[in-house]
Amino acid sequence: MKIKVGFGFDVHQLKAGHPFVLGGVQVQHHAGAFGHSDADVLVHAICDALLGAANLGDIGHHFPNTDERWRGISSLILLEECVRLLGERGWALGNIDAMLCLEAPKIKPYIPEMKQKVAIAAGIDPDDISIKATTNETMGFVGRQEGVVAYAVCLIERQ
């Protein structure tokens, strides 16, 4: 059996009055992530991890922010497409481990729903998904609540 590991990273600026979608869940906060799609930094990092593991480039290659088809789209649809691309090449997703980095709001209450939504889009069990959160101890753009960062790793295996 052949296995590969992928790593993903994403960052989005926070702007007052924008919706804040993380892991497909609308999070209550005075500001939200700004971007071409729904700016779901968590799902974008997961997509990059999957694409990287299969040597398929990155999210910007497959879903460029210059293409109007992707404007405002749910990132969960992008995740479904990434999983489909992997399947076409004989890969199956094993697990996802992800980390959000933001000062506020507290993410813990949202994690079960995030795991459920990501699991459905990725076609895996919620128990195969880990989503964690940390702060940046008030340092840098994350600490000043100007942006949000996500990291993700995944394991894929030959079907």
# chains A, B, ... in the order shown; residues from 1 in each chain; ligands from 1
$ residues_around --residues "Met1 (chain A)" --least-positions-apart "2" --cutoff "9 Å" --atoms "only C-alpha atoms" --output "ChimeraX atom specification"
/A:3,157-159
$ residues_around --residues "Glu88 (chain A)" --least-positions-apart "4" --cutoff "12 Å" --atoms "only C-alpha atoms" --output "list of chain:residue names"
A:Ala54, A:Leu56, A:Glu81, A:Cys82, A:Val83, A:Arg84, A:Ala92, A:Arg158, A:Gln159
$ atom_distance --atom1 "CA of Leu14 (chain A)" --atom2 "CA of Glu137 (chain A)"
17.3 Å
$ residues_around --residues "Ala16 (chain A)" --least-positions-apart "6" --cutoff "12 Å" --atoms "only C-alpha atoms" --output "list in words"
Gln28, His29, His30, Ala31, Gly32, Ala33, Phe34, Gln145, Glu146 and Gly147 of chain A
$ write_last_selection --atoms "N, CA and C atoms" --output "compact mmCIF listing (two decimals), in the first residue's frame"
# COMPACT_ATOMS: atom_id res chain seq x y z
N GLN A 28 -20.33 33.23 14.64
CA GLN A 28 -20.77 34.57 15.06
C GLN A 28 -19.57 35.39 15.51
N HIS A 29 -19.37 36.52 14.81
CA HIS A 29 -18.27 37.42 15.15
C HIS A 29 -18.53 38.75 14.44
N HIS A 30 -17.94 39.83 14.95
CA HIS A 30 -18.16 41.15 14.36
C HIS A 30 -17.47 41.31 13.01
N ALA A 31 -16.50 40.44 12.72
CA ALA A 31 -15.76 40.51 11.46
C ALA A 31 -15.68 39.10 10.88
N GLY A 32 -15.45 39.05 9.58
CA GLY A 32 -15.33 37.76 8.92
C GLY A 32 -14.22 37.78 7.90
N ALA A 33 -13.90 36.60 7.39
CA ALA A 33 -12.83 36.47 6.40
C ALA A 33 -13.29 37.02 5.06
N PHE A 34 -12.38 37.69 4.40
CA PHE A 34 -12.64 38.33 3.11
C PHE A 34 -11.94 37.55 2.02
N GLN A 145 -6.12 40.73 15.39
CA GLN A 145 -7.41 40.34 14.79
C GLN A 145 -7.61 40.95 13.40
N GLU A 146 -6.52 41.02 12.65
CA GLU A 146 -6.58 41.50 11.27
C GLU A 146 -6.72 40.35 10.28
N GLY A 147 -6.45 39.13 10.74
CA GLY A 147 -6.51 37.98 9.85
C GLY A 147 -6.64 36.69 10.61
$ closest_residue --among "A:Ile131, A:Leu78, A:Ala45, A:Val5" --to "Gln116 (chain A)" --atoms "only C-alpha atoms"
A:Ile131
